[in-house]
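Structure file structure_38.tsv with TSV, C-alpha atoms and all ligand atoms:
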chain	number	residue	atom	x	y	z
A	1	MET	CA	87.94	-23.45	125.15
A	2	SER	CA	88.28	-23.17	128.89
A	3	ILE	CA	89.43	-20.07	130.73
A	4	SER	CA	92.43	-21.86	132.22
A	5	ASN	CA	93.58	-22.88	128.75
A	6	SER	CA	93.49	-19.29	127.58
A	7	ASN	CA	95.90	-18.35	130.36
A	8	LYS	CA	98.52	-20.79	129.17
A	9	PHE	CA	101.53	-19.11	127.60
A	10	SER	CA	101.68	-21.78	124.88
A	11	LEU	CA	98.82	-23.98	123.66
A	12	LEU	CA	101.26	-26.53	122.19
A	13	LYS	CA	99.83	-30.09	122.26
A	14	HIS	CA	102.40	-32.28	120.52
A	15	LEU	CA	104.23	-32.79	117.24
A	16	ARG	CA	102.62	-34.75	114.43
A	17	CYS	CA	104.06	-36.21	111.26
A	18	PRO	CA	102.20	-34.73	108.27
A	19	GLU	CA	102.96	-37.89	106.24
A	20	CYS	CA	102.14	-40.87	108.49
A	21	GLY	CA	100.28	-39.10	111.31
A	22	LEU	CA	102.54	-40.40	114.10
A	23	VAL	CA	102.32	-38.21	117.22
A	24	HIS	CA	105.54	-37.24	119.04
A	25	ASP	CA	105.86	-35.91	122.60
A	26	ALA	CA	106.93	-32.24	122.43
A	27	GLY	CA	108.36	-32.48	125.96
A	28	GLN	CA	111.20	-34.60	124.52
A	29	ILE	CA	113.97	-33.65	122.10
A	30	ASN	CA	112.74	-34.40	118.56
A	31	THR	CA	114.23	-34.24	115.09
A	32	VAL	CA	112.24	-35.87	112.25
A	33	CYS	CA	109.48	-38.52	112.33
A	34	ASN	CA	110.49	-41.62	114.30
A	35	ASN	CA	108.87	-43.87	111.71
A	36	GLU	CA	111.87	-45.38	109.84
A	37	GLU	CA	109.99	-45.45	106.53
A	38	CYS	CA	108.97	-41.84	106.83
A	39	ARG	CA	111.56	-39.55	108.47
A	40	SER	CA	109.40	-36.57	107.51
A	41	THR	CA	109.59	-33.07	108.97
A	42	LEU	CA	107.38	-32.84	112.07
A	43	PHE	CA	104.66	-30.21	112.54
A	44	ALA	CA	103.78	-28.71	115.94
A	45	GLU	CA	100.06	-28.86	116.77
A	46	TYR	CA	98.19	-26.55	119.13
A	47	ASP	CA	94.81	-26.26	120.81
A	48	LEU	CA	93.31	-23.67	118.50
A	49	PRO	CA	90.38	-22.07	120.29
A	50	GLN	CA	87.38	-20.70	118.40
A	51	GLY	CA	85.81	-17.35	119.11
A	52	LEU	CA	88.87	-15.19	119.73
A	53	ASN	CA	88.69	-11.83	118.04
A	54	PRO	CA	92.20	-11.39	116.63
A	55	LYS	CA	92.20	-7.60	116.98
A	56	ASP	CA	91.32	-7.74	120.69
A	57	PHE	CA	93.49	-10.79	121.28
A	58	LEU	CA	96.59	-9.18	119.76
A	59	ALA	CA	96.07	-5.66	121.11
A	60	HIS	CA	98.90	-4.45	123.40
A	61	ARG	CA	101.22	-7.26	122.34
A	62	PRO	CA	104.93	-6.59	121.73
A	63	ALA	CA	105.93	-5.75	118.14
A	64	ASN	CA	107.94	-8.93	117.63
A	65	MET	CA	107.20	-12.54	116.69
A	66	TRP	CA	106.40	-13.49	120.30
A	67	ARG	CA	103.11	-11.58	120.06
A	68	TYR	CA	101.63	-14.91	118.85
A	69	HIS	CA	103.07	-16.87	121.81
A	70	GLU	CA	99.98	-19.04	122.38
A	71	PHE	CA	100.60	-20.60	118.97
A	72	LEU	CA	104.35	-20.95	119.43
A	73	PRO	CA	106.16	-23.89	121.06
A	74	VAL	CA	107.98	-22.30	124.01
A	75	VAL	CA	106.05	-23.28	127.14
A	76	ASP	CA	107.86	-21.16	129.76
A	77	PRO	CA	108.46	-17.49	128.83
A	78	ALA	CA	111.70	-17.58	130.86
A	79	ASN	CA	113.23	-19.63	128.03
A	80	ILE	CA	112.64	-17.05	125.32
A	81	ILE	CA	115.85	-15.81	123.70
A	82	THR	CA	114.91	-12.68	121.79
A	83	LEU	CA	116.77	-9.95	119.95
A	84	GLY	CA	113.55	-8.29	118.78
A	85	GLU	CA	112.93	-10.46	115.69
A	86	GLY	CA	109.76	-10.15	113.65
A	87	PHE	CA	106.92	-7.68	113.07
A	88	THR	CA	108.80	-6.34	110.09
A	89	PRO	CA	107.28	-3.61	107.91
A	90	LEU	CA	104.86	-4.05	105.03
A	91	LEU	CA	105.90	-1.45	102.43
A	92	PRO	CA	103.98	-0.57	99.27
A	93	LEU	CA	106.13	-0.20	96.17
A	94	ALA	CA	107.46	3.34	95.84
A	95	ASN	CA	108.83	4.40	92.43
A	96	LEU	CA	108.49	0.90	91.03
A	97	LYS	CA	104.72	1.18	91.27
A	98	HIS	CA	104.75	2.89	87.88
A	99	GLU	CA	105.89	-0.42	86.39
A	100	VAL	CA	103.12	-2.53	87.86
A	101	GLU	CA	100.05	-0.87	86.47
A	102	GLY	CA	96.86	-2.63	87.51
A	103	ASN	CA	98.39	-4.35	90.52
A	104	GLU	CA	98.97	-3.35	94.10
A	105	VAL	CA	102.38	-4.69	95.12
A	106	PHE	CA	103.98	-4.76	98.57
A	107	TRP	CA	107.30	-5.73	100.05
A	108	LYS	CA	107.39	-7.44	103.40
A	109	ASP	CA	110.89	-6.43	104.36
A	110	GLU	CA	112.73	-8.88	106.59
A	111	SER	CA	116.07	-7.11	106.25
A	112	GLY	CA	115.72	-5.27	109.58
A	113	ASN	CA	115.72	-8.47	111.60
A	114	PRO	CA	118.62	-9.19	113.99
A	115	THR	CA	121.62	-10.45	111.94
A	116	GLY	CA	119.96	-9.04	108.80
A	117	SER	CA	117.61	-11.78	107.66
A	118	PHE	CA	114.43	-13.68	108.43
A	119	LYS	CA	116.60	-16.57	109.68
A	120	ALA	CA	116.40	-14.75	113.03
A	121	ARG	CA	112.78	-15.90	113.36
A	122	GLY	CA	113.41	-19.58	112.80
A	123	ILE	CA	116.71	-19.78	114.63
A	124	GLY	CA	115.46	-17.61	117.51
A	125	MET	CA	112.59	-20.05	117.97
A	126	ALA	CA	114.77	-23.17	117.66
A	127	VAL	CA	117.35	-21.85	120.13
A	128	SER	CA	114.67	-20.83	122.65
A	129	LYS	CA	113.07	-24.26	122.48
A	130	ALA	CA	116.50	-25.93	122.68
A	131	LYS	CA	117.14	-23.98	125.88
A	132	GLU	CA	113.80	-25.18	127.23
A	133	LEU	CA	114.81	-28.78	126.44
A	134	GLY	CA	118.24	-28.41	128.10
A	135	ILE	CA	120.36	-28.65	124.95
A	136	GLY	CA	123.96	-27.42	125.35
A	137	HIS	CA	125.55	-27.53	121.87
A	138	ILE	CA	123.88	-26.81	118.52
A	139	VAL	CA	125.25	-27.34	115.01
A	140	THR	CA	124.00	-26.28	111.61
A	141	PRO	CA	125.01	-26.38	107.98
A	142	THR	CA	124.35	-22.98	106.41
A	143	ALA	CA	124.49	-21.00	103.19
A	144	GLY	CA	125.28	-17.98	105.36
A	145	ASN	CA	122.39	-16.33	107.16
A	146	ALA	CA	121.32	-19.30	109.30
A	147	GLY	CA	124.87	-19.59	110.65
A	148	GLY	CA	125.04	-15.95	111.69
A	149	ALA	CA	121.64	-16.16	113.35
A	150	LEU	CA	122.54	-19.37	115.17
A	151	ALA	CA	125.81	-17.86	116.40
A	152	ALA	CA	124.05	-14.75	117.73
A	153	TYR	CA	121.12	-16.49	119.45
A	154	CYS	CA	123.40	-19.14	120.94
A	155	ALA	CA	125.73	-16.43	122.26
A	156	ARG	CA	122.76	-14.85	124.02
A	157	ALA	CA	121.47	-18.19	125.29
A	158	GLY	CA	124.85	-19.39	126.57
A	159	ILE	CA	124.69	-22.40	124.23
A	160	LYS	CA	127.69	-23.59	122.16
A	161	ALA	CA	127.33	-23.30	118.37
A	162	SER	CA	129.19	-24.95	115.48
A	163	VAL	CA	128.52	-23.65	111.97
A	164	TYR	CA	129.40	-25.45	108.69
A	165	MET	CA	129.56	-23.01	105.77
A	166	PRO	CA	130.66	-23.29	102.10
A	167	VAL	CA	134.04	-21.62	101.63
A	168	LEU	CA	132.50	-19.62	98.73
A	169	THR	CA	130.31	-17.54	101.05
A	170	PRO	CA	130.91	-13.78	101.45
A	171	LYS	CA	133.38	-13.00	104.24
A	172	VAL	CA	130.88	-11.08	106.36
A	173	PHE	CA	128.90	-14.28	107.00
A	174	LYS	CA	132.05	-15.93	108.34
A	175	ASP	CA	133.17	-12.93	110.37
A	176	GLU	CA	129.84	-12.56	112.14
A	177	CYS	CA	129.91	-16.22	113.23
A	178	ARG	CA	133.37	-15.79	114.73
A	179	LEU	CA	132.42	-12.51	116.40
A	180	TYR	CA	129.41	-14.15	118.03
A	181	GLY	CA	131.75	-16.79	119.40
A	182	ALA	CA	130.68	-19.76	117.30
A	183	GLU	CA	133.00	-22.44	115.96
A	184	LEU	CA	133.17	-21.95	112.15
A	185	ILE	CA	134.00	-24.85	109.83
A	186	GLU	CA	134.56	-23.75	106.22
A	187	VAL	CA	133.67	-26.49	103.75
A	188	ASP	CA	134.94	-26.83	100.17
A	189	GLY	CA	131.53	-27.68	98.73
A	190	ASN	CA	127.84	-26.77	98.83
A	191	ILE	CA	125.33	-26.84	101.66
A	192	ALA	CA	124.66	-30.55	101.10
A	193	ASP	CA	128.36	-31.23	101.77
A	194	CYS	CA	128.16	-29.02	104.86
A	195	GLY	CA	125.14	-31.01	105.99
A	196	LYS	CA	127.01	-34.32	105.79
A	197	LEU	CA	129.95	-33.04	107.85
A	198	ALA	CA	127.69	-31.36	110.40
A	199	ASN	CA	125.72	-34.58	110.76
A	200	ASP	CA	128.86	-36.71	111.24
A	201	ASP	CA	130.25	-34.42	113.95
A	202	ALA	CA	126.87	-34.06	115.66
A	203	VAL	CA	126.25	-37.80	115.79
A	204	GLN	CA	129.76	-38.47	117.06
A	205	ASN	CA	129.65	-35.82	119.78
A	206	GLY	CA	125.98	-35.89	120.74
A	207	TRP	CA	125.37	-32.32	119.54
A	208	PHE	CA	121.94	-31.16	118.43
A	209	GLN	CA	121.35	-30.31	114.74
A	210	VAL	CA	119.05	-27.59	113.50
A	211	SER	CA	119.36	-28.28	109.76
A	212	THR	CA	116.40	-26.92	107.80
A	213	LEU	CA	113.24	-28.92	108.54
A	214	LYS	CA	115.09	-31.75	110.30
A	215	GLU	CA	114.26	-29.89	113.50
A	216	PRO	CA	110.63	-28.97	114.21
A	217	TYR	CA	110.83	-25.41	115.58
A	218	ARG	CA	112.58	-23.25	112.98
A	219	LEU	CA	109.36	-23.77	111.02
A	220	GLU	CA	107.37	-22.36	113.95
A	221	GLY	CA	109.48	-19.20	113.98
A	222	LYS	CA	109.11	-18.64	110.25
A	223	LYS	CA	105.41	-19.37	110.52
A	224	THR	CA	105.00	-16.03	112.30
A	225	MET	CA	105.44	-14.31	108.91
A	226	GLY	CA	102.08	-15.79	107.93
A	227	TYR	CA	100.38	-14.44	111.05
A	228	GLU	CA	101.95	-11.03	110.50
A	229	LEU	CA	100.85	-10.88	106.88
A	230	ALA	CA	97.24	-11.57	107.85
A	231	GLU	CA	97.39	-9.00	110.62
A	232	GLN	CA	99.13	-6.33	108.53
A	233	PHE	CA	96.73	-6.87	105.61
A	234	ASN	CA	93.85	-6.49	108.09
A	235	TRP	CA	92.86	-10.20	107.77
A	236	GLN	CA	92.47	-10.00	103.96
A	237	LEU	CA	95.35	-11.98	102.51
A	238	PRO	CA	96.98	-10.88	99.23
A	239	ASP	CA	96.21	-12.81	96.03
A	240	VAL	CA	99.78	-13.91	95.33
A	241	ILE	CA	102.88	-14.37	97.51
A	242	PHE	CA	106.36	-14.60	95.99
A	243	TYR	CA	108.86	-16.48	98.16
A	244	PRO	CA	112.60	-17.11	97.48
A	245	THR	CA	112.87	-20.84	98.10
A	246	GLY	CA	115.94	-22.57	99.44
A	247	GLY	CA	115.00	-25.17	102.02
A	248	GLY	CA	111.44	-23.88	101.95
A	249	THR	CA	110.95	-23.30	105.68
A	250	GLY	CA	109.26	-19.96	105.23
A	251	LEU	CA	106.95	-21.11	102.46
A	252	ILE	CA	105.82	-24.17	104.42
A	253	GLY	CA	105.61	-22.09	107.59
A	254	ILE	CA	103.42	-19.40	106.04
A	255	TRP	CA	101.18	-22.10	104.61
A	256	LYS	CA	100.91	-23.74	108.06
A	257	ALA	CA	100.05	-20.37	109.63
A	258	PHE	CA	97.19	-19.92	107.17
A	259	ASN	CA	95.75	-23.32	108.10
A	260	GLU	CA	96.03	-22.53	111.81
A	261	MET	CA	94.39	-19.13	111.38
A	262	GLN	CA	91.53	-20.73	109.47
A	263	GLN	CA	90.98	-23.13	112.37
A	264	LEU	CA	91.02	-20.12	114.71
A	265	GLY	CA	88.38	-18.50	112.51
A	266	TRP	CA	90.70	-15.56	111.82
A	267	ILE	CA	90.67	-16.06	108.03
A	268	GLY	CA	88.46	-18.01	105.62
A	269	ALA	CA	89.29	-20.86	103.25
A	270	GLU	CA	90.66	-18.64	100.47
A	271	ARG	CA	94.44	-18.69	100.03
A	272	PRO	CA	97.04	-16.67	98.16
A	273	ARG	CA	98.73	-18.42	95.22
A	274	MET	CA	102.24	-19.27	96.41
A	275	VAL	CA	105.16	-18.77	94.02
A	276	ALA	CA	108.51	-20.44	94.73
A	277	VAL	CA	111.36	-18.43	93.22
A	278	GLN	CA	114.71	-20.21	92.84
A	279	SER	CA	118.12	-19.60	91.30
A	280	VAL	CA	118.67	-21.37	87.95
A	281	SER	CA	121.72	-22.84	89.66
A	282	CYS	CA	119.50	-24.82	92.07
A	283	ASP	CA	116.05	-25.06	90.52
A	284	GLY	CA	115.02	-28.56	91.54
A	285	ILE	CA	111.65	-27.37	92.85
A	286	VAL	CA	110.89	-25.51	89.60
A	287	LEU	CA	111.72	-28.62	87.56
A	288	ALA	CA	109.60	-30.83	89.81
A	289	PHE	CA	106.69	-28.39	89.76
A	290	ASN	CA	106.73	-28.08	85.97
A	291	GLY	CA	106.84	-31.88	85.73
A	292	GLY	CA	103.92	-32.30	88.16
A	293	LYS	CA	106.10	-34.35	90.53
A	294	SER	CA	105.58	-34.76	94.27
A	295	ARG	CA	109.34	-34.77	95.04
A	296	SER	CA	112.34	-32.92	93.61
A	297	GLU	CA	115.64	-34.29	92.28
A	298	PHE	CA	119.10	-33.16	93.43
A	299	LYS	CA	120.14	-30.20	91.25
A	300	ASP	CA	123.28	-28.12	91.71
A	301	SER	CA	124.99	-26.14	88.96
A	302	GLY	CA	127.35	-24.32	91.29
A	303	PHE	CA	127.73	-20.86	92.78
A	304	THR	CA	124.91	-18.33	92.82
A	305	ILE	CA	125.03	-14.79	94.22
A	306	ALA	CA	121.86	-15.68	96.12
A	307	ASN	CA	123.71	-17.88	98.61
A	308	GLY	CA	120.48	-18.75	100.46
A	309	LEU	CA	119.05	-20.33	97.30
A	310	ARG	CA	121.89	-22.82	96.82
A	311	VAL	CA	119.99	-25.76	98.22
A	312	PRO	CA	120.30	-28.67	95.75
A	313	LYS	CA	117.65	-30.91	97.35
A	314	PRO	CA	115.38	-29.43	100.04
A	315	TYR	CA	114.65	-31.99	102.75
A	316	ALA	CA	110.97	-31.01	102.80
A	317	ASP	CA	110.55	-30.86	99.01
A	318	LYS	CA	107.28	-32.77	99.31
A	319	GLN	CA	105.76	-30.15	101.63
A	320	ILE	CA	106.98	-27.27	99.44
A	321	LEU	CA	105.42	-28.81	96.32
A	322	LYS	CA	102.22	-29.62	98.20
A	323	ALA	CA	101.76	-25.94	99.12
A	324	LEU	CA	102.44	-24.89	95.52
A	325	TYR	CA	99.89	-27.35	94.12
A	326	GLU	CA	97.24	-26.72	96.79
A	327	SER	CA	97.46	-22.97	96.24
A	328	ASN	CA	97.40	-23.16	92.42
A	329	GLY	CA	100.77	-21.51	92.67
A	330	ASN	CA	103.81	-21.45	90.45
A	331	ALA	CA	107.58	-21.88	90.44
A	332	ILE	CA	110.17	-19.94	88.46
A	333	ALA	CA	113.97	-19.71	88.30
A	334	ILE	CA	115.98	-16.49	87.93
A	335	ASP	CA	119.64	-16.23	86.91
A	336	ASP	CA	122.47	-14.38	88.64
A	337	LYS	CA	122.69	-11.66	86.01
A	338	GLU	CA	119.02	-10.80	86.48
A	339	MET	CA	119.34	-10.83	90.26
A	340	ASN	CA	122.46	-8.68	90.20
A	341	ALA	CA	120.75	-6.07	88.02
A	342	ALA	CA	117.62	-6.17	90.18
A	343	VAL	CA	119.57	-5.56	93.42
A	344	LYS	CA	121.01	-2.38	91.91
A	345	TYR	CA	117.75	-1.26	90.32
A	346	ILE	CA	115.67	-1.78	93.48
A	347	SER	CA	118.26	0.01	95.64
A	348	ALA	CA	118.16	3.07	93.40
A	349	LYS	CA	114.38	3.09	92.89
A	350	GLU	CA	113.08	1.96	96.26
A	351	GLY	CA	115.80	2.97	98.69
A	352	MET	CA	116.03	-0.66	99.74
A	353	LEU	CA	119.32	-2.54	99.42
A	354	ILE	CA	117.87	-6.03	99.54
A	355	ALA	CA	119.39	-9.50	99.30
A	356	PRO	CA	119.68	-11.07	95.80
A	357	GLU	CA	117.15	-13.67	96.99
A	358	GLY	CA	114.61	-10.88	97.50
A	359	ALA	CA	115.56	-9.07	94.30
A	360	ALA	CA	114.83	-12.29	92.37
A	361	LEU	CA	111.18	-11.87	93.36
A	362	TRP	CA	110.88	-8.61	91.47
A	363	VAL	CA	112.20	-10.25	88.30
A	364	ALA	CA	109.86	-13.22	88.83
A	365	PHE	CA	106.88	-10.94	89.37
A	366	LYS	CA	107.59	-8.99	86.17
A	367	LYS	CA	107.85	-12.23	84.19
A	368	LEU	CA	104.61	-13.68	85.53
A	369	LYS	CA	102.83	-10.38	84.98
A	370	SER	CA	103.98	-10.21	81.38
A	371	THR	CA	102.67	-13.72	80.70
A	372	GLY	CA	99.29	-12.81	82.21
A	373	TRP	CA	99.60	-15.26	85.11
A	374	ILE	CA	99.30	-12.24	87.41
A	375	LYS	CA	95.97	-10.69	86.56
A	376	PRO	CA	94.92	-7.04	86.69
A	377	GLY	CA	93.56	-6.05	90.08
A	378	GLU	CA	95.49	-8.67	92.02
A	379	ARG	CA	97.38	-7.75	95.18
A	380	VAL	CA	100.86	-9.15	95.31
A	381	LEU	CA	103.33	-9.63	98.16
A	382	LEU	CA	107.08	-9.90	97.60
A	383	LEU	CA	108.76	-11.34	100.69
A	384	ASN	CA	112.25	-9.86	100.87
A	385	THR	CA	114.09	-12.28	103.14
A	386	GLY	CA	117.29	-10.39	103.93
A	387	SER	CA	119.56	-7.40	103.79
A	388	GLY	CA	121.78	-6.82	100.77
A	389	TYR	CA	124.52	-5.35	102.97
A	390	LYS	CA	125.92	-8.82	103.65
A	391	TYR	CA	126.13	-9.62	99.91
A	392	LEU	CA	128.03	-6.57	98.64
A	393	GLU	CA	130.99	-8.63	97.47
A	394	ASN	CA	128.58	-10.68	95.30
A	395	ILE	CA	127.21	-7.61	93.53
A	396	VAL	CA	129.10	-6.24	90.52
A	401	LIG	C1	117.84	-18.98	103.91
A	401	LIG	C2	117.44	-17.91	103.01
A	401	LIG	C3	116.45	-18.11	102.04
A	401	LIG	C4	115.77	-19.43	101.83
A	401	LIG	O1	114.89	-19.68	102.90
A	401	LIG	P1	114.12	-21.06	103.08
A	401	LIG	O2	113.03	-20.76	104.01
A	401	LIG	O3	115.10	-22.04	103.60
A	401	LIG	O4	113.61	-21.47	101.74
A	401	LIG	C5	116.05	-17.02	101.27
A	401	LIG	N1	116.64	-15.81	101.42
A	401	LIG	C6	117.60	-15.57	102.34
A	401	LIG	C7	118.18	-14.19	102.44
A	401	LIG	C8	118.02	-16.61	103.18
A	401	LIG	O5	118.96	-16.37	104.09
A	402	ZN	ZN	105.94	-40.07	109.70

Starting from the file, lay out its structure as structure tokens.
Amino acid sequence: MSISNSNKFSLLKHLRCPECGLVHDAGQINTVCNNEECRSTLFAEYDLPQGLNPKDFLAHRPANMWRYHEFLPVVDPANIITLGEGFTPLLPLANLKHEVEGNEVFWKDESGNPTGSFKARGIGMAVSKAKELGIGHIVTPTAGNAGGALAAYCARAGIKASVYMPVLTPKVFKDECRLYGAELIEVDGNIADCGKLANDDAVQNGWFQVSTLKEPYRLEGKKTMGYELAEQFNWQLPDVIFYPTGGGTGLIGIWKAFNEMQQLGWIGAERPRMVAVQSVSCDGIVLAFNGGKSRSEFKDSGFTIANGLRVPKPYADKQILKALYESNGNAIAIDDKEMNAAVKYISAKEGMLIAPEGAALWVAFKKLKSTGWIKPGERVLLLNTGSGYKYLENIV
């Protein structure tokens, strides 16, 4: 790569459709693939230079997700809207380690992010890029955390925000949206119903939508978790990663980061096995995975205390399943009773009051260890996606 290239703040080239290959100009506002038959999620592509030593390259960078700015889509640093998201801690199990004999198990704890979840990464990126593209009003359907993050980042950016949230979401998620000055629309239904209303209003008013994976840049924010994992594990990835899967942005993003880092020469071809953990209430990915399918079916059995997992039909189901199959991964559903008990148990044992979505990972890990799918000696990463403080009214 040339010297001048290495001085660019972002090495973004364009967006490409992972299904049909169509290239899209990243200087324009984009949603999904323009090919009518495809409409897939778009992936950002970068010039990925060889020969950079990651330790030197990343030395003296800020301890937030923007430390990887060359491989992120914001071209002018003046457009960055940051609240300090990312570079969250990697914590070995504390008292629970006595229950995992033979395995080394870590939490990556996203609960300290602004607005209390890893949504800050994706939304922070999407809002920054929206500012760069001159967008003035953003809407999103949300199970809770994405709405709060959108409201906060839009407040900071001076962009209007409208948030569509199921009425059966804990009050704190609604209050934070209002406090951050967003318009809140409470919907008597699930996130799919919210998505329809958000889409109608957005189309009618010319507002921009950042629904999961129908906008290209939330993925780029969540991708930074993959870079951080490699860096924090000293460029030796764990054997297995457990991920609580709603829309799947983080899972697909981490998988994308691994492919980029391999092209950079920062990691080899080996990959962790990816495990999608869902709520039995919305386990369409688990059913599709067990059936060997390439797409999932709509599945919604109602309320779950893990609000972020109530996604009946992820838009990018194909990409989620692809990562699971390519990694020789797995998929498993956990029920509310198990999650509720795990939140309490992990709080008392680990000093971490984590979201039910994250607590589900502990239950899933124990199950897959007891069946022998997790083998002795393997290193395991549980990606806790959010703080339990926002879910207290769900926990009994
Ligand atoms: C949104 C959310 C999820 C699901 O994330 P995806 O990347 O959309 O699969 C998991 N946990 C929490 C706490 C969330 O807010
Ligand atoms: Zn396409």

Neighbour list for segment 15-28 of chain A as a ChimeraX atom specification, cut-off 7 Å, only C-alpha atoms, skip fewer than 6 positions in-chain: /A:40-45

Under the rule of at most 10 Å, produce a per-residue listing of segment 181-296 of chain A near segment 63-69 of chain A: chain, number, name, the closest pair of atoms, and the distance in Å, as CSV, using only C-alpha atoms.
residue,atom,partner,partner_atom,distance
A:Gly221,CA,A:Met65,CA,7.5
A:Lys222,CA,A:Met65,CA,9.1
A:Lys223,CA,A:Met65,CA,9.4
A:Thr224,CA,A:Met65,CA,6.0
A:Met225,CA,A:Met65,CA,8.2
A:Tyr227,CA,A:Tyr68,CA,7.9
A:Glu228,CA,A:Met65,CA,8.3

Could the centre and edge lengths of an axis-aligned box, enclosing all atoms of segment 145-156 of chain A in the file with 3 Å extra on each side, be given in Å to one decimal as JSON?
{"center_x": 123.5, "center_y": -17.2, "center_z": 115.6, "size_x": 10.7, "size_y": 10.8, "size_z": 22.9}

When distances are computed from all atoms listed in the file, which of A:Arg61, A:Asn307, A:Glu101, A:Leu381 shows the smallest separation from Phe173 of chain A? A:Asn307

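Nearest residue to Ile334 of chain A, choosing from A:Cys282, A:Ala143, A:Leu383, A:Leu264 and counting only C-alpha atoms: A:Cys282.
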
Excluding Ile346 of chain A and any residue of its chain fewer than 3 positions from it, enumerate the residues within 12 Å of it, using only C-alpha atoms, and give them as a list in words. Leu93, Ala94, Asn95, Leu96, Lys97, Trp107, Glu338, Met339, Asn340, Ala341, Ala342, Val343, Lys349, Glu350, Gly351, Met352, Leu353, Ile354, Ala355, Pro356, Gly358, Ala359, Ala360, Leu361, Trp362, Val363, Asn384 and Gly388 of chain A

Please list as a PyMOL selection string every residue within 12 Å of Glu260 of chain A, counting all atoms listed in the file and excluding residues in the same chain fewer than 2 positions away. chain A and resi 43-50+68+70-72+220+223-224+226-227+230+253-258+262-269

Enumerate, in order of chain and increasing residue number, the residues of chain A with an atom no farther than 9 Å from ligand LIG 401 (chain A), each with its shortest atom pair and distance in Å to one decimal, counting all atoms listed in the file, as JSON lines.
{"residue": "A:Glu110", "atom": "CA", "partner": "A:LIG401", "partner_atom": "C7", "distance": 8.7}
{"residue": "A:Ser111", "atom": "CA", "partner": "A:LIG401", "partner_atom": "C7", "distance": 8.3}
{"residue": "A:Gly116", "atom": "CA", "partner": "A:LIG401", "partner_atom": "C7", "distance": 8.4}
{"residue": "A:Ser117", "atom": "CA", "partner": "A:LIG401", "partner_atom": "C7", "distance": 5.8}
{"residue": "A:Phe118", "atom": "CA", "partner": "A:LIG401", "partner_atom": "O5", "distance": 6.8}
{"residue": "A:Lys119", "atom": "CA", "partner": "A:LIG401", "partner_atom": "O5", "distance": 6.1}
{"residue": "A:Gly122", "atom": "CA", "partner": "A:LIG401", "partner_atom": "O2", "distance": 8.9}
{"residue": "A:Thr142", "atom": "CA", "partner": "A:LIG401", "partner_atom": "C1", "distance": 8.0}
{"residue": "A:Ala143", "atom": "CA", "partner": "A:LIG401", "partner_atom": "C1", "distance": 7.0}
{"residue": "A:Gly144", "atom": "CA", "partner": "A:LIG401", "partner_atom": "O5", "distance": 6.6}
{"residue": "A:Asn145", "atom": "CA", "partner": "A:LIG401", "partner_atom": "O5", "distance": 4.6}
{"residue": "A:Ala146", "atom": "CA", "partner": "A:LIG401", "partner_atom": "C1", "distance": 6.4}
{"residue": "A:Thr212", "atom": "CA", "partner": "A:LIG401", "partner_atom": "O3", "distance": 6.6}
{"residue": "A:Leu213", "atom": "CA", "partner": "A:LIG401", "partner_atom": "O3", "distance": 8.7}
{"residue": "A:Leu219", "atom": "CA", "partner": "A:LIG401", "partner_atom": "O2", "distance": 8.5}
{"residue": "A:Lys222", "atom": "CA", "partner": "A:LIG401", "partner_atom": "O2", "distance": 7.7}
{"residue": "A:Tyr243", "atom": "CA", "partner": "A:LIG401", "partner_atom": "O4", "distance": 7.8}
{"residue": "A:Pro244", "atom": "CA", "partner": "A:LIG401", "partner_atom": "C5", "distance": 5.1}
{"residue": "A:Thr245", "atom": "CA", "partner": "A:LIG401", "partner_atom": "O4", "distance": 3.8}
{"residue": "A:Gly246", "atom": "CA", "partner": "A:LIG401", "partner_atom": "O4", "distance": 3.5}
{"residue": "A:Gly247", "atom": "CA", "partner": "A:LIG401", "partner_atom": "O3", "distance": 3.5}
{"residue": "A:Gly248", "atom": "CA", "partner": "A:LIG401", "partner_atom": "O4", "distance": 3.2}
{"residue": "A:Thr249", "atom": "CA", "partner": "A:LIG401", "partner_atom": "O2", "distance": 3.7}
{"residue": "A:Gly250", "atom": "CA", "partner": "A:LIG401", "partner_atom": "O2", "distance": 4.0}
{"residue": "A:Leu251", "atom": "CA", "partner": "A:LIG401", "partner_atom": "O2", "distance": 6.3}
{"residue": "A:Ile252", "atom": "CA", "partner": "A:LIG401", "partner_atom": "O2", "distance": 8.0}
{"residue": "A:Gly253", "atom": "CA", "partner": "A:LIG401", "partner_atom": "O2", "distance": 8.3}
{"residue": "A:Ala276", "atom": "CA", "partner": "A:LIG401", "partner_atom": "O4", "distance": 8.7}
{"residue": "A:Ala306", "atom": "CA", "partner": "A:LIG401", "partner_atom": "N1", "distance": 7.4}
{"residue": "A:Asn307", "atom": "CA", "partner": "A:LIG401", "partner_atom": "O5", "distance": 7.4}
{"residue": "A:Gly308", "atom": "CA", "partner": "A:LIG401", "partner_atom": "C2", "distance": 4.1}
{"residue": "A:Leu309", "atom": "CA", "partner": "A:LIG401", "partner_atom": "C4", "distance": 5.7}
{"residue": "A:Arg310", "atom": "CA", "partner": "A:LIG401", "partner_atom": "C4", "distance": 8.6}
{"residue": "A:Val311", "atom": "CA", "partner": "A:LIG401", "partner_atom": "O3", "distance": 8.2}
{"residue": "A:Pro314", "atom": "CA", "partner": "A:LIG401", "partner_atom": "O3", "distance": 8.2}
{"residue": "A:Ile354", "atom": "CA", "partner": "A:LIG401", "partner_atom": "C7", "distance": 8.7}
{"residue": "A:Ala355", "atom": "CA", "partner": "A:LIG401", "partner_atom": "C7", "distance": 5.8}
{"residue": "A:Pro356", "atom": "CA", "partner": "A:LIG401", "partner_atom": "C7", "distance": 7.5}
{"residue": "A:Glu357", "atom": "CA", "partner": "A:LIG401", "partner_atom": "N1", "distance": 4.9}
{"residue": "A:Gly358", "atom": "CA", "partner": "A:LIG401", "partner_atom": "N1", "distance": 6.6}
{"residue": "A:Asn384", "atom": "CA", "partner": "A:LIG401", "partner_atom": "N1", "distance": 7.4}
{"residue": "A:Thr385", "atom": "CA", "partner": "A:LIG401", "partner_atom": "C7", "distance": 4.6}
{"residue": "A:Gly386", "atom": "CA", "partner": "A:LIG401", "partner_atom": "C7", "distance": 4.2}
{"residue": "A:Ser387", "atom": "CA", "partner": "A:LIG401", "partner_atom": "C7", "distance": 7.1}
{"residue": "A:Gly388", "atom": "CA", "partner": "A:LIG401", "partner_atom": "C7", "distance": 8.4}
